[in-house]
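So this block is input-v1.cif, mmCIF, C-alpha atoms (C1' of nucleotides):
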```cif
data_run
#
loop_
_atom_site.label_atom_id
_atom_site.label_comp_id
_atom_site.auth_asym_id
_atom_site.auth_seq_id
_atom_site.Cartn_x
_atom_site.Cartn_y
_atom_site.Cartn_z
CA MET O 103 84.89 159.44 61.27
CA LEU O 104 88.24 160.12 59.72
CA THR O 105 89.90 163.51 59.88
CA SER O 106 92.39 164.89 57.41
CA ARG O 107 95.10 164.32 60.05
CA ASP O 108 94.23 160.65 60.19
CA VAL O 109 94.40 160.30 56.44
CA GLU O 110 97.65 162.22 56.25
CA ALA O 111 99.10 159.93 58.88
CA ILE O 112 97.99 156.91 56.89
CA LEU O 113 99.62 158.28 53.76
CA ILE O 114 102.92 158.90 55.50
CA GLN O 115 102.71 155.53 57.24
CA HIS O 116 102.60 153.91 53.83
CA GLY O 117 105.55 155.81 52.49
CA TYR O 118 103.66 158.44 50.52
CA ARG O 119 104.66 162.04 50.68
CA LEU O 120 102.19 164.51 52.05
CA THR O 121 102.11 167.20 49.39
CA ARG O 122 99.90 170.24 49.08
CA PRO O 123 97.78 168.79 46.23
CA ARG O 124 97.28 165.56 48.11
CA ALA O 125 96.25 167.41 51.24
CA ALA O 126 93.78 169.42 49.18
CA VAL O 127 92.30 166.27 47.67
CA VAL O 128 92.05 164.64 51.08
CA ASP O 129 90.34 167.72 52.48
CA ALA O 130 87.85 167.82 49.64
CA VAL O 131 87.19 164.11 49.86
CA LEU O 132 86.43 164.32 53.58
CA LYS O 133 83.91 167.09 53.00
CA TYR O 134 81.67 164.91 50.87
CA THR O 135 78.81 163.30 52.74
CA HIS O 136 77.51 161.65 49.56
CA PRO O 137 79.31 159.41 47.12
CA PHE O 138 81.21 161.50 44.61
CA THR O 139 82.70 160.81 41.21
CA ALA O 140 86.25 161.55 40.15
CA GLU O 141 84.99 164.17 37.71
CA GLN O 142 83.07 165.89 40.49
CA LEU O 143 86.28 166.12 42.46
CA VAL O 144 88.08 167.43 39.40
CA ALA O 145 85.43 170.12 39.11
CA ASP O 146 85.83 170.98 42.80
CA VAL O 147 89.57 171.15 43.23
CA GLY O 148 90.81 170.91 39.65
CA THR O 149 92.54 173.58 37.62
CA GLY O 150 90.64 176.82 37.33
CA LYS O 151 88.62 176.42 40.54
CA GLY O 152 89.54 177.17 44.14
CA GLY O 153 92.40 174.76 43.73
CA SER O 154 94.56 174.15 40.71
CA ILE O 155 95.23 170.46 40.77
CA GLY O 156 95.64 168.51 37.59
CA ARG O 157 93.25 165.78 36.52
CA ALA O 158 95.99 163.21 36.56
CA THR O 159 96.98 164.08 40.10
CA ILE O 160 93.42 163.81 41.31
CA TYR O 161 92.94 160.42 39.68
CA ARG O 162 96.26 159.24 41.07
CA THR O 163 95.41 160.41 44.57
CA LEU O 164 92.01 158.74 44.46
CA GLU O 165 93.74 155.56 43.38
CA ILE O 166 96.10 155.76 46.34
CA LEU O 167 93.36 156.55 48.84
CA ALA O 168 91.28 153.67 47.57
CA SER O 169 94.23 151.31 47.79
CA LEU O 170 94.72 152.39 51.42
CA ASP O 171 91.04 151.71 52.16
CA VAL O 172 90.46 155.36 53.03
CA LEU O 173 88.01 155.54 50.16
CA THR O 174 85.54 152.89 49.14
CA ARG O 175 84.89 152.55 45.46
CA LEU O 176 81.27 151.88 44.70
CA ILE O 177 79.03 151.59 41.68
CA GLN O 178 76.18 154.04 41.22
CA PRO O 179 72.75 152.98 39.95
CA ASP O 180 73.66 154.30 36.51
CA GLY O 181 76.72 152.05 36.47
CA HIS O 182 79.28 154.80 36.97
CA PRO O 183 81.96 154.36 39.60
CA ALA O 184 81.96 156.66 42.58
CA TYR O 185 83.89 156.99 45.80
CA ILE O 186 82.82 157.41 49.35
CA CYS O 187 84.85 158.09 52.44
CA ASP O 188 83.37 157.12 55.75
CA SER O 189 85.80 155.02 57.71
CA LEU O 190 88.01 152.00 57.45
CA GLY O 191 87.06 148.37 57.00
CA HIS O 192 84.83 146.19 54.90
CA ARG O 193 81.41 147.71 54.37
CA HIS O 194 78.67 148.18 51.83
CA HIS O 195 76.28 151.03 51.11
CA ILE O 196 72.66 151.74 50.41
CA VAL O 197 72.53 154.58 47.96
CA CYS O 198 69.49 156.79 47.48
CA SER O 199 68.61 157.11 43.82
CA GLY O 200 66.91 160.39 44.56
CA CYS O 201 69.54 162.49 46.31
CA GLY O 202 72.57 160.23 46.33
CA THR O 203 72.79 159.90 50.10
CA ALA O 204 74.66 156.76 51.08
CA VAL O 205 74.29 154.83 54.29
CA ALA O 206 76.90 152.25 55.15
CA PHE O 207 76.24 148.90 56.72
CA THR O 208 78.95 146.63 58.01
CA PHE O 209 77.05 143.37 58.03
CA CYS O 210 78.04 141.54 54.86
CA PRO O 211 75.62 138.81 53.80
CA VAL O 212 78.05 137.62 51.16
CA GLN O 213 80.68 136.55 53.64
CA GLU O 214 78.23 134.07 55.11
CA LEU O 215 77.49 132.75 51.66
CA VAL O 216 81.13 132.29 50.63
CA PRO O 217 81.75 128.81 52.07
CA ALA O 218 78.62 127.33 50.51
CA LEU O 219 79.30 129.08 47.25
CA ALA O 220 82.88 127.88 47.18
CA ARG O 221 81.74 124.34 47.84
CA ASP O 222 79.01 124.39 45.21
CA THR O 223 81.01 126.00 42.45
CA ALA O 224 84.56 124.91 43.35
CA PHE O 225 85.62 128.50 42.83
CA GLU O 226 88.23 130.08 45.04
CA ILE O 227 86.42 133.22 46.09
CA HIS O 228 88.51 136.36 46.49
CA ASP O 229 86.26 139.36 46.43
CA HIS O 230 82.77 140.65 45.88
CA LEU O 231 80.84 143.74 44.99
CA LEU O 232 77.58 144.64 46.67
CA GLU O 233 75.52 147.80 46.36
CA VAL O 234 71.94 148.33 47.42
CA PHE O 235 69.80 150.98 45.77
CA GLY O 236 66.69 152.58 47.14
CA VAL O 237 65.05 155.80 48.28
CA CYS O 238 65.97 157.53 51.52
CA PRO O 239 63.33 158.69 54.01
CA SER O 240 63.43 162.35 53.02
CA CYS O 241 63.14 161.56 49.33
CA GLN O 242 60.19 159.31 50.11
CA VAL O 243 58.49 162.25 51.82
CA SER O 244 59.13 164.69 49.01
CA ALA O 245 57.92 162.15 46.46
CA THR O 246 54.67 161.76 48.40
CA SER O 247 54.14 165.46 48.94
CA ALA O 248 54.83 166.14 45.27
CA GLY O 249 51.58 164.43 44.38
CA GLY O 250 52.65 160.83 44.44
CA PRO O 251 55.47 159.07 42.73
CA ARG O 252 55.44 158.56 39.00
CA ALA O 253 57.55 155.98 37.14
CA MET F 271 68.71 127.58 28.38
CA LEU F 272 67.16 130.10 26.04
CA THR F 273 67.06 129.58 22.28
CA SER F 274 66.95 132.32 19.68
CA ARG F 275 63.28 131.42 19.09
CA ASP F 276 62.50 132.09 22.74
CA VAL F 277 64.20 135.44 22.62
CA GLU F 278 62.53 136.39 19.37
CA ALA F 279 59.19 135.50 20.88
CA ILE F 280 59.95 137.67 23.88
CA LEU F 281 60.87 140.59 21.64
CA ILE F 282 57.65 140.33 19.64
CA GLN F 283 55.64 139.84 22.82
CA HIS F 284 56.92 143.20 24.03
CA GLY F 285 56.04 144.97 20.81
CA TYR F 286 59.51 145.02 19.28
CA ARG F 287 60.00 144.14 15.63
CA LEU F 288 62.10 141.16 14.80
CA THR F 289 64.56 142.52 12.28
CA ARG F 290 67.57 140.87 10.67
CA PRO F 291 70.12 142.86 12.74
CA ARG F 292 68.31 142.07 15.94
CA ALA F 293 68.16 138.39 15.11
CA ALA F 294 71.88 138.45 14.38
CA VAL F 295 72.63 140.11 17.70
CA VAL F 296 70.43 137.61 19.53
CA ASP F 297 72.15 134.71 17.78
CA ALA F 298 75.59 136.04 18.67
CA VAL F 299 74.59 136.75 22.24
CA LEU F 300 73.30 133.22 22.76
CA LYS F 301 76.58 131.75 21.52
CA TYR F 302 78.61 133.31 24.32
CA THR F 303 79.23 131.05 27.29
CA HIS F 304 81.26 133.71 29.10
CA PRO F 305 80.32 137.26 29.94
CA PHE F 306 80.97 139.50 26.96
CA THR F 307 81.36 143.23 26.54
CA ALA F 308 79.49 145.39 24.09
CA GLU F 309 82.70 146.07 22.19
CA GLN F 310 83.32 142.34 21.85
CA LEU F 311 79.91 141.99 20.29
CA VAL F 312 80.63 144.92 18.00
CA ALA F 313 83.80 143.16 16.92
CA ASP F 314 81.88 139.94 16.29
CA VAL F 315 78.84 141.14 14.38
CA GLY F 316 79.71 144.76 13.67
CA THR F 317 80.43 146.38 10.35
CA GLY F 318 83.22 144.75 8.37
CA LYS F 319 82.94 141.32 10.00
CA GLY F 320 80.63 138.40 9.21
CA GLY F 321 77.77 140.75 9.92
CA SER F 322 77.45 144.42 9.12
CA ILE F 323 75.56 145.85 12.04
CA GLY F 324 76.20 149.34 13.29
CA ARG F 325 77.58 150.09 16.71
CA ALA F 326 74.51 152.06 17.68
CA THR F 327 72.21 149.22 16.71
CA ILE F 328 74.19 146.74 18.77
CA TYR F 329 74.16 148.99 21.81
CA ARG F 330 70.45 149.62 21.36
CA THR F 331 69.69 145.92 21.04
CA LEU F 332 71.72 145.09 24.14
CA GLU F 333 69.77 147.74 25.98
CA ILE F 334 66.49 146.16 24.90
CA LEU F 335 67.58 142.64 25.76
CA ALA F 336 68.76 143.75 29.17
CA SER F 337 65.48 145.56 29.81
CA LEU F 338 63.63 142.35 28.95
CA ASP F 339 65.80 140.38 31.37
CA VAL F 340 67.15 138.24 28.56
CA LEU F 341 70.60 139.57 29.34
CA THR F 342 72.01 140.25 32.75
CA ARG F 343 74.30 143.21 33.04
CA LEU F 344 77.21 142.55 35.34
CA ILE F 345 80.36 144.27 36.43
CA GLN F 346 83.72 142.68 35.68
CA PRO F 347 86.57 142.66 38.20
CA ASP F 348 88.20 145.51 36.29
CA GLY F 349 85.04 147.55 36.70
CA HIS F 350 83.89 147.33 33.10
CA PRO F 351 80.31 146.37 32.39
CA ALA F 352 79.62 143.10 30.65
CA TYR F 353 76.57 141.09 29.69
CA ILE F 354 75.71 137.48 30.15
CA CYS F 355 72.79 135.51 28.81
CA ASP F 356 71.85 132.38 30.67
CA SER F 357 68.16 132.40 31.44
CA LEU F 358 65.44 134.50 32.94
CA GLY F 359 64.96 135.62 36.50
CA HIS F 360 66.89 137.17 39.32
CA ARG F 361 70.37 135.75 39.63
CA HIS F 362 73.95 136.66 40.39
CA HIS F 363 77.27 135.41 39.09
CA ILE F 364 80.67 134.32 40.26
CA VAL F 365 83.16 135.48 37.68
CA CYS F 366 86.61 133.95 37.27
CA SER F 367 89.28 136.63 37.15
CA GLY F 368 91.50 134.24 35.23
CA CYS F 369 89.44 133.15 32.24
CA GLY F 370 86.20 135.07 32.64
CA THR F 371 83.99 132.04 33.14
CA ALA F 372 80.82 132.95 34.97
CA VAL F 373 78.71 130.66 37.09
CA ALA F 374 75.24 131.80 38.06
CA PHE F 375 73.63 131.25 41.41
CA THR F 376 69.99 131.94 42.10
CA PHE F 377 70.14 132.19 45.85
CA CYS F 378 70.25 135.87 46.70
CA PRO F 379 71.53 136.66 50.18
CA VAL F 380 70.52 140.28 49.78
CA GLN F 381 66.83 139.55 49.56
CA GLU F 382 66.95 138.07 53.04
CA LEU F 383 68.71 141.15 54.29
CA VAL F 384 66.28 143.64 52.76
CA PRO F 385 63.65 143.77 55.54
CA ALA F 386 66.23 144.30 58.28
CA LEU F 387 68.08 146.84 56.18
CA ALA F 388 64.89 148.71 55.36
CA ARG F 389 63.98 148.80 59.04
CA ASP F 390 67.40 149.94 60.19
CA THR F 391 67.94 152.62 57.57
CA ALA F 392 64.32 153.61 56.77
CA PHE F 393 65.24 153.33 53.10
CA GLU F 394 62.77 151.97 50.60
CA ILE F 395 64.91 149.35 48.91
CA HIS F 396 64.40 148.87 45.19
CA ASP F 397 67.35 147.06 43.76
CA HIS F 398 70.82 145.75 44.36
CA LEU F 399 73.99 144.78 42.60
CA LEU F 400 75.99 141.75 43.61
CA GLU F 401 78.98 140.19 41.89
CA VAL F 402 81.39 137.68 43.33
CA PHE F 403 84.93 137.38 41.98
CA GLY F 404 87.24 134.42 42.28
CA VAL F 405 89.20 131.78 40.42
CA CYS F 406 87.54 128.83 38.72
CA PRO F 407 88.76 125.25 39.26
CA SER F 408 90.65 124.97 35.98
CA CYS F 409 92.42 128.29 36.49
CA GLN F 410 93.37 127.14 39.99
CA VAL F 411 94.98 124.06 38.45
CA SER F 412 96.88 125.96 35.79
CA ALA F 413 98.08 128.48 38.36
CA THR F 414 99.46 125.65 40.49
CA SER F 415 101.08 123.80 37.59
CA ALA F 416 102.64 127.04 36.36
CA GLY F 417 104.88 127.09 39.39
CA GLY F 418 102.60 128.36 42.05
CA PRO F 419 100.52 131.51 42.28
CA ARG F 420 102.11 134.87 42.79
CA ALA F 421 100.35 137.90 44.32
"C1'" DT U 167 121.22 176.66 55.05
"C1'" DC U 168 122.19 174.25 50.93
"C1'" DA U 169 122.63 170.40 47.47
"C1'" DT U 170 120.82 166.32 45.87
"C1'" DC U 171 117.55 163.18 44.07
"C1'" DA U 172 113.51 160.52 43.88
"C1'" DA U 173 108.80 161.25 44.20
"C1'" DC U 174 105.43 163.97 42.62
"C1'" DT U 175 102.90 167.35 39.74
"C1'" DG U 176 100.20 169.50 35.93
"C1'" DA U 177 99.49 170.12 31.08
"C1'" DT U 178 98.49 167.90 27.31
"C1'" DA U 179 97.43 164.55 24.04
"C1'" DC U 180 95.38 160.49 23.58
"C1'" DC U 181 92.23 156.37 23.89
"C1'" DA U 182 88.09 153.57 24.53
"C1'" DG U 183 83.49 153.02 25.42
"C1'" DG U 184 79.33 154.82 24.75
"C1'" DT U 185 75.58 158.23 22.96
"C1'" DG U 186 72.95 161.51 19.79
"C1'" DT U 187 71.54 162.63 15.28
"C1'" DC U 188 69.55 162.02 11.00
"C1'" DA U 189 68.58 160.49 6.39
"C1'" DA U 190 67.55 156.14 4.47
"C1'" DC U 191 65.47 151.78 4.87
"C1'" DT U 192 62.18 148.00 6.28
"C1'" DG U 193 58.34 145.33 7.81
"C1'" DG U 194 53.53 145.20 9.05
"C1'" DT U 195 49.09 146.65 7.90
"C1'" DG U 196 45.15 147.96 5.25
"C1'" DC A 208 51.00 148.32 -3.56
"C1'" DA A 209 51.27 152.54 -0.51
"C1'" DC A 210 51.91 154.22 3.76
"C1'" DC A 211 54.16 155.08 8.06
"C1'" DA A 212 56.20 154.18 12.41
"C1'" DG A 213 59.91 151.71 13.97
"C1'" DT A 214 64.44 150.66 12.98
"C1'" DT A 215 69.01 150.99 10.96
"C1'" DG A 216 73.91 152.43 10.02
"C1'" DA A 217 77.25 156.02 9.50
"C1'" DC A 218 79.32 159.36 11.73
"C1'" DA A 219 80.43 162.96 14.81
"C1'" DC A 220 80.69 163.79 19.31
"C1'" DC A 221 81.07 163.36 24.45
"C1'" DT A 222 82.90 161.68 28.71
"C1'" DG A 223 85.77 159.34 31.83
"C1'" DG A 224 90.08 157.81 32.34
"C1'" DT A 225 95.26 157.00 31.13
"C1'" DA A 226 100.17 157.83 29.37
"C1'" DT A 227 103.80 160.86 28.88
"C1'" DC A 228 107.18 164.04 30.18
"C1'" DA A 229 109.46 168.24 31.53
"C1'" DG A 230 109.43 170.86 35.53
"C1'" DT A 231 108.70 171.16 40.62
"C1'" DT A 232 108.74 169.80 45.42
"C1'" DG A 233 109.86 167.73 49.80
"C1'" DA A 234 112.90 164.78 52.58
"C1'" DT A 235 117.36 163.94 53.78
"C1'" DG A 236 122.16 164.42 54.91
"C1'" DA A 237 126.13 167.39 55.18
#
```

Show me this structure written as structure tokens.
Amino acid sequence: MLTSRDVEAILIQHGYRLTRPRAAVVDAVLKYTHPFTAEQLVADVGTGKGGSIGRATIYRTLEILASLDVLTRLIQPDGHPAYICDSLGHRHHIVCSGCGTAVAFTFCPVQELVPALARDTAFEIHDHLLEVFGVCPSCQVSATSAGGPRA
Amino acid sequence: MLTSRDVEAILIQHGYRLTRPRAAVVDAVLKYTHPFTAEQLVADVGTGKGGSIGRATIYRTLEILASLDVLTRLIQPDGHPAYICDSLGHRHHIVCSGCGTAVAFTFCPVQELVPALARDTAFEIHDHLLEVFGVCPSCQVSATSAGGPRA
DNA sequence: TCATCAACTGATACCAGGTGTCAACTGGTG
DNA sequence: CACCAGTTGACACCTGGTATCAGTTGATGA
């Protein structure tokens, strides 16, 4: 698990300044256990709340953190982009459509598929996007205890 | 490959009326060989052009067609949603980041992963999202002939 | 400690994509 | 033909994200 020190070190390593607003964004980001949207972060640390960080700054910082692989950008079931911060490296997530909990998994089935896919389609494959959606154990329980799930 | 007749039959089968605007949207949709965005469709058949179909109607019709699996909703490399219409069933796409060409593949590596993932995470897995991005053969050629690719 | 300067910030206006509303219209049915 | 639910199109609105720019901040060297 990353700490704010780690992230700050990464920022500096890459030639970014460590400013107060950035530190605040990093702190907030590390507190999330679920995927969060940019707007959520704006609501949390944006102007008028505990913090007073401008929208633009927050979006810019998210951009930077994502480019440094500190944050992973993922797509929510409703199609909206979200971010999650767990640790470095290539990984995918299962996201609970009930409570939003995300669990990461490092095994990437697409990487195994890439050679065959490249051969079959003659495409040069550069990247991929994979999200899995489902219901986490605790949401399964509450759905059952609530009298059975209903579409 | 689907024809407009097929799609119209599907619509009626599911209790939707076959109206002139819907038929026009279906026709337009079937003409696309590449993934297209809703706004593109609005530009093509929307008010003021050859057609005169309202934005809302186009969005609504896309929604219906996607819910009937006539259209597949996919995510473009820039993160914007797009639609593609090739045929029915579960499938994924490789999208060329140069020209937008999409090639479908029916083999889904995620389905094989689902049991293990469900066991490991205790999630009930319902759905997934998979897009692969790359460069198609003809874009590879033009990149080379244009003096070599550049990051 | 101070001066300098580029990087950074926050406010604001703006833009694009998408949705909600509602009166008018249309197609299917009897 | 009359009726009515489903559908349409115009339009206002909302939301997420971006561009701009004057002012501020932090790192650096003297």

Q. For the atom pair atom CA of O:His194 and atom CA of F:Leu383, what is the interatomic distance in Å to one decimal place?
A. 12.4 Å

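Considering only C-alpha atoms, the residue among F:Cys366, F:Leu288, F:Ile282, F:Ala336 positioned nearest to chain O is F:Cys366.
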
Can you superpose chain O onto chain F by least squares over all C-alpha atoms paired in order and give the moved copy as a CSV table (one decimal) with C-alpha atoms, in the frame of the given file?
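Contents of superposed.csv, freshly written:
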```csv
chain,number,residue,atom,x,y,z
O,103,MET,CA,68.7,127.6,28.4
O,104,LEU,CA,67.2,130.1,26.0
O,105,THR,CA,67.2,129.5,22.3
O,106,SER,CA,67.1,132.2,19.6
O,107,ARG,CA,63.5,131.3,19.0
O,108,ASP,CA,62.6,131.9,22.6
O,109,VAL,CA,64.3,135.3,22.5
O,110,GLU,CA,62.7,136.2,19.2
O,111,ALA,CA,59.3,135.3,20.7
O,112,ILE,CA,60.0,137.5,23.7
O,113,LEU,CA,60.9,140.4,21.5
O,114,ILE,CA,57.7,140.1,19.4
O,115,GLN,CA,55.7,139.6,22.6
O,116,HIS,CA,56.8,142.9,23.7
O,117,GLY,CA,56.0,144.7,20.5
O,118,TYR,CA,59.5,144.8,19.0
O,119,ARG,CA,60.1,143.9,15.4
O,120,LEU,CA,62.2,140.9,14.7
O,121,THR,CA,64.7,142.3,12.2
O,122,ARG,CA,67.8,140.7,10.6
O,123,PRO,CA,70.3,142.8,12.7
O,124,ARG,CA,68.4,142.0,15.9
O,125,ALA,CA,68.3,138.3,15.0
O,126,ALA,CA,72.1,138.4,14.4
O,127,VAL,CA,72.7,140.1,17.7
O,128,VAL,CA,70.5,137.6,19.5
O,129,ASP,CA,72.3,134.7,17.8
O,130,ALA,CA,75.7,136.1,18.8
O,131,VAL,CA,74.7,136.8,22.3
O,132,LEU,CA,73.4,133.2,22.8
O,133,LYS,CA,76.7,131.8,21.6
O,134,TYR,CA,78.7,133.4,24.4
O,135,THR,CA,79.3,131.2,27.4
O,136,HIS,CA,81.2,133.9,29.2
O,137,PRO,CA,80.2,137.4,30.1
O,138,PHE,CA,80.9,139.7,27.1
O,139,THR,CA,81.2,143.4,26.7
O,140,ALA,CA,79.3,145.5,24.2
O,141,GLU,CA,82.6,146.3,22.4
O,142,GLN,CA,83.3,142.6,22.1
O,143,LEU,CA,79.9,142.1,20.4
O,144,VAL,CA,80.6,145.1,18.1
O,145,ALA,CA,83.9,143.4,17.1
O,146,ASP,CA,82.0,140.1,16.5
O,147,VAL,CA,79.0,141.2,14.5
O,148,GLY,CA,79.8,144.9,13.8
O,149,THR,CA,80.6,146.5,10.5
O,150,GLY,CA,83.4,144.9,8.6
O,151,LYS,CA,83.2,141.5,10.2
O,152,GLY,CA,80.9,138.5,9.4
O,153,GLY,CA,78.0,140.8,10.0
O,154,SER,CA,77.7,144.5,9.2
O,155,ILE,CA,75.7,145.9,12.1
O,156,GLY,CA,76.2,149.4,13.3
O,157,ARG,CA,77.5,150.2,16.8
O,158,ALA,CA,74.4,152.1,17.6
O,159,THR,CA,72.2,149.2,16.7
O,160,ILE,CA,74.2,146.8,18.8
O,161,TYR,CA,74.0,149.0,21.8
O,162,ARG,CA,70.3,149.6,21.3
O,163,THR,CA,69.6,145.9,21.0
O,164,LEU,CA,71.6,145.1,24.1
O,165,GLU,CA,69.6,147.7,25.9
O,166,ILE,CA,66.4,146.1,24.8
O,167,LEU,CA,67.5,142.6,25.7
O,168,ALA,CA,68.6,143.7,29.1
O,169,SER,CA,65.3,145.5,29.7
O,170,LEU,CA,63.5,142.3,28.8
O,171,ASP,CA,65.7,140.3,31.3
O,172,VAL,CA,67.1,138.2,28.5
O,173,LEU,CA,70.5,139.6,29.3
O,174,THR,CA,71.9,140.3,32.8
O,175,ARG,CA,74.1,143.3,33.1
O,176,LEU,CA,77.0,142.7,35.4
O,177,ILE,CA,80.2,144.4,36.5
O,178,GLN,CA,83.5,142.9,35.8
O,179,PRO,CA,86.4,142.9,38.3
O,180,ASP,CA,88.0,145.8,36.4
O,181,GLY,CA,84.8,147.8,36.8
O,182,HIS,CA,83.6,147.5,33.2
O,183,PRO,CA,80.1,146.5,32.5
O,184,ALA,CA,79.5,143.2,30.8
O,185,TYR,CA,76.5,141.2,29.8
O,186,ILE,CA,75.6,137.6,30.2
O,187,CYS,CA,72.8,135.5,28.9
O,188,ASP,CA,71.8,132.4,30.7
O,189,SER,CA,68.1,132.4,31.5
O,190,LEU,CA,65.4,134.5,33.0
O,191,GLY,CA,64.9,135.6,36.5
O,192,HIS,CA,66.8,137.2,39.4
O,193,ARG,CA,70.3,135.8,39.7
O,194,HIS,CA,73.9,136.7,40.5
O,195,HIS,CA,77.2,135.4,39.1
O,196,ILE,CA,80.6,134.3,40.3
O,197,VAL,CA,83.1,135.4,37.7
O,198,CYS,CA,86.5,133.9,37.2
O,199,SER,CA,89.2,136.6,37.1
O,200,GLY,CA,91.4,134.2,35.2
O,201,CYS,CA,89.3,133.1,32.2
O,202,GLY,CA,86.1,135.0,32.7
O,203,THR,CA,83.9,132.0,33.1
O,204,ALA,CA,80.7,132.9,35.0
O,205,VAL,CA,78.6,130.7,37.1
O,206,ALA,CA,75.1,131.8,38.1
O,207,PHE,CA,73.5,131.3,41.4
O,208,THR,CA,69.9,132.0,42.2
O,209,PHE,CA,70.1,132.2,45.9
O,210,CYS,CA,70.2,135.9,46.7
O,211,PRO,CA,71.5,136.7,50.2
O,212,VAL,CA,70.6,140.3,49.8
O,213,GLN,CA,66.9,139.6,49.6
O,214,GLU,CA,67.0,138.1,53.1
O,215,LEU,CA,68.8,141.2,54.4
O,216,VAL,CA,66.4,143.7,52.9
O,217,PRO,CA,63.8,143.8,55.7
O,218,ALA,CA,66.4,144.4,58.4
O,219,LEU,CA,68.2,146.9,56.3
O,220,ALA,CA,65.1,148.8,55.5
O,221,ARG,CA,64.2,148.9,59.2
O,222,ASP,CA,67.7,150.0,60.3
O,223,THR,CA,68.2,152.7,57.7
O,224,ALA,CA,64.6,153.7,56.9
O,225,PHE,CA,65.5,153.4,53.3
O,226,GLU,CA,63.0,152.1,50.8
O,227,ILE,CA,65.0,149.5,49.0
O,228,HIS,CA,64.5,149.0,45.3
O,229,ASP,CA,67.4,147.2,43.9
O,230,HIS,CA,70.8,145.8,44.4
O,231,LEU,CA,74.0,144.8,42.7
O,232,LEU,CA,76.0,141.7,43.6
O,233,GLU,CA,79.0,140.2,41.9
O,234,VAL,CA,81.4,137.6,43.3
O,235,PHE,CA,84.9,137.3,42.0
O,236,GLY,CA,87.2,134.4,42.2
O,237,VAL,CA,89.1,131.7,40.4
O,238,CYS,CA,87.4,128.8,38.7
O,239,PRO,CA,88.6,125.2,39.2
O,240,SER,CA,90.5,124.9,35.9
O,241,CYS,CA,92.3,128.2,36.4
O,242,GLN,CA,93.3,127.0,39.9
O,243,VAL,CA,94.8,123.9,38.4
O,244,SER,CA,96.8,125.8,35.7
O,245,ALA,CA,98.0,128.3,38.3
O,246,THR,CA,99.3,125.5,40.4
O,247,SER,CA,100.9,123.6,37.5
O,248,ALA,CA,102.5,126.8,36.3
O,249,GLY,CA,104.8,126.8,39.3
O,250,GLY,CA,102.5,128.3,41.9
O,251,PRO,CA,100.6,131.5,41.9
O,252,ARG,CA,102.3,134.8,42.0
O,253,ALA,CA,100.6,138.1,43.1
```

(Q) Which residues are near F:Asp297? Cut-off 12 Å, only C-alpha atoms (C1' of nucleotides), ignore same chain within fewer than 5 positions. Put them as a list in words. (A) Leu272, Thr273, Ser274, Arg275, Asp276, Val277, Glu278, Arg290, Pro291, Arg292, Tyr302, Leu311, Asp314, Val315, Gly321, Thr331 and Cys355 of chain F

Q) So which residues touch U:DC191 within 10 Å, counting only C-alpha atoms (C1' of nucleotides), skipping near sequence neighbours fewer than 5 positions away, as a PyMOL selection string? A) chain A and resi 214-216

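Take the candidates O:His116, O:His230, O:Arg157, O:Arg175 and check each one against O:Phe138 using all atoms listed in the file; the shortest distance goes to O:Arg175.
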
Q | Within 9 Å of chain A: residues of chain O, using all atoms listed in the file, as a VMD selection string | A | chain O and resid 119 to 121 140 to 141 158 161

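You will find atom C1' of U:DA182 at 14.3 Å from atom CA of F:Asp348.
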
Q) Hey, what's within 7 Å of O:Val205 if we count all atoms listed in the file and toss same-chain stuff fewer than 4 positions away? As number ranges by chain, please? A) O: 195-197

Q. Evaluating the PyMOL selection byres ((chain F) within 7 of (chain O)) on the displayed file yields which residues, as a count of residues only?
A. 18

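Residues matched by the PyMOL selection byres ((chain U) within 12 of (chain F)) in this file are U:DA182, U:DG183, U:DG184, U:DT185, U:DG186, U:DT187, U:DC191, U:DT192, U:DG193, U:DG194.
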
Q) In Å, how far is it from atom CA of F:Val312 to atom CA of F:Ile328? A) 6.7 Å

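Using the PyMOL selection byres ((chain F and resi 341) around 9) on the file at hand returns these residues: Val299, Leu332, Glu333, Ile334, Leu335, Ala336, Ser337, Leu338, Asp339, Val340, Thr342, Arg343, Tyr353, Ile354, Cys355, Asp356, Ser357 and Leu358 of chain F.
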
N, CA, C and O atoms for stretch 341-345 of chain F, written as a PDB file, in the frame of the given file, could you do that?
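As written to disk, out-v2.pdb reads:
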```
ATOM      1  N   LEU F 341      69.194 139.424  28.973  1.00  0.00           N
ATOM      2  CA  LEU F 341      70.600 139.570  29.340  1.00  0.00           C
ATOM      3  C   LEU F 341      70.691 140.103  30.758  1.00  0.00           C
ATOM      4  O   LEU F 341      69.869 140.907  31.175  1.00  0.00           O
ATOM      5  N   THR F 342      71.711 139.667  31.452  1.00  0.00           N
ATOM      6  CA  THR F 342      72.010 140.250  32.750  1.00  0.00           C
ATOM      7  C   THR F 342      73.240 141.117  32.580  1.00  0.00           C
ATOM      8  O   THR F 342      74.217 140.704  31.977  1.00  0.00           O
ATOM      9  N   ARG F 343      73.161 142.305  33.093  1.00  0.00           N
ATOM     10  CA  ARG F 343      74.300 143.210  33.040  1.00  0.00           C
ATOM     11  C   ARG F 343      75.114 142.969  34.292  1.00  0.00           C
ATOM     12  O   ARG F 343      74.583 143.002  35.396  1.00  0.00           O
ATOM     13  N   LEU F 344      76.396 142.729  34.148  1.00  0.00           N
ATOM     14  CA  LEU F 344      77.210 142.550  35.340  1.00  0.00           C
ATOM     15  C   LEU F 344      78.505 143.344  35.242  1.00  0.00           C
ATOM     16  O   LEU F 344      78.857 143.848  34.185  1.00  0.00           O
ATOM     17  N   ILE F 345      79.153 143.469  36.362  1.00  0.00           N
ATOM     18  CA  ILE F 345      80.360 144.270  36.430  1.00  0.00           C
ATOM     19  C   ILE F 345      81.556 143.327  36.512  1.00  0.00           C
ATOM     20  O   ILE F 345      81.590 142.445  37.365  1.00  0.00           O
TER      21      ILE F 345
END
```
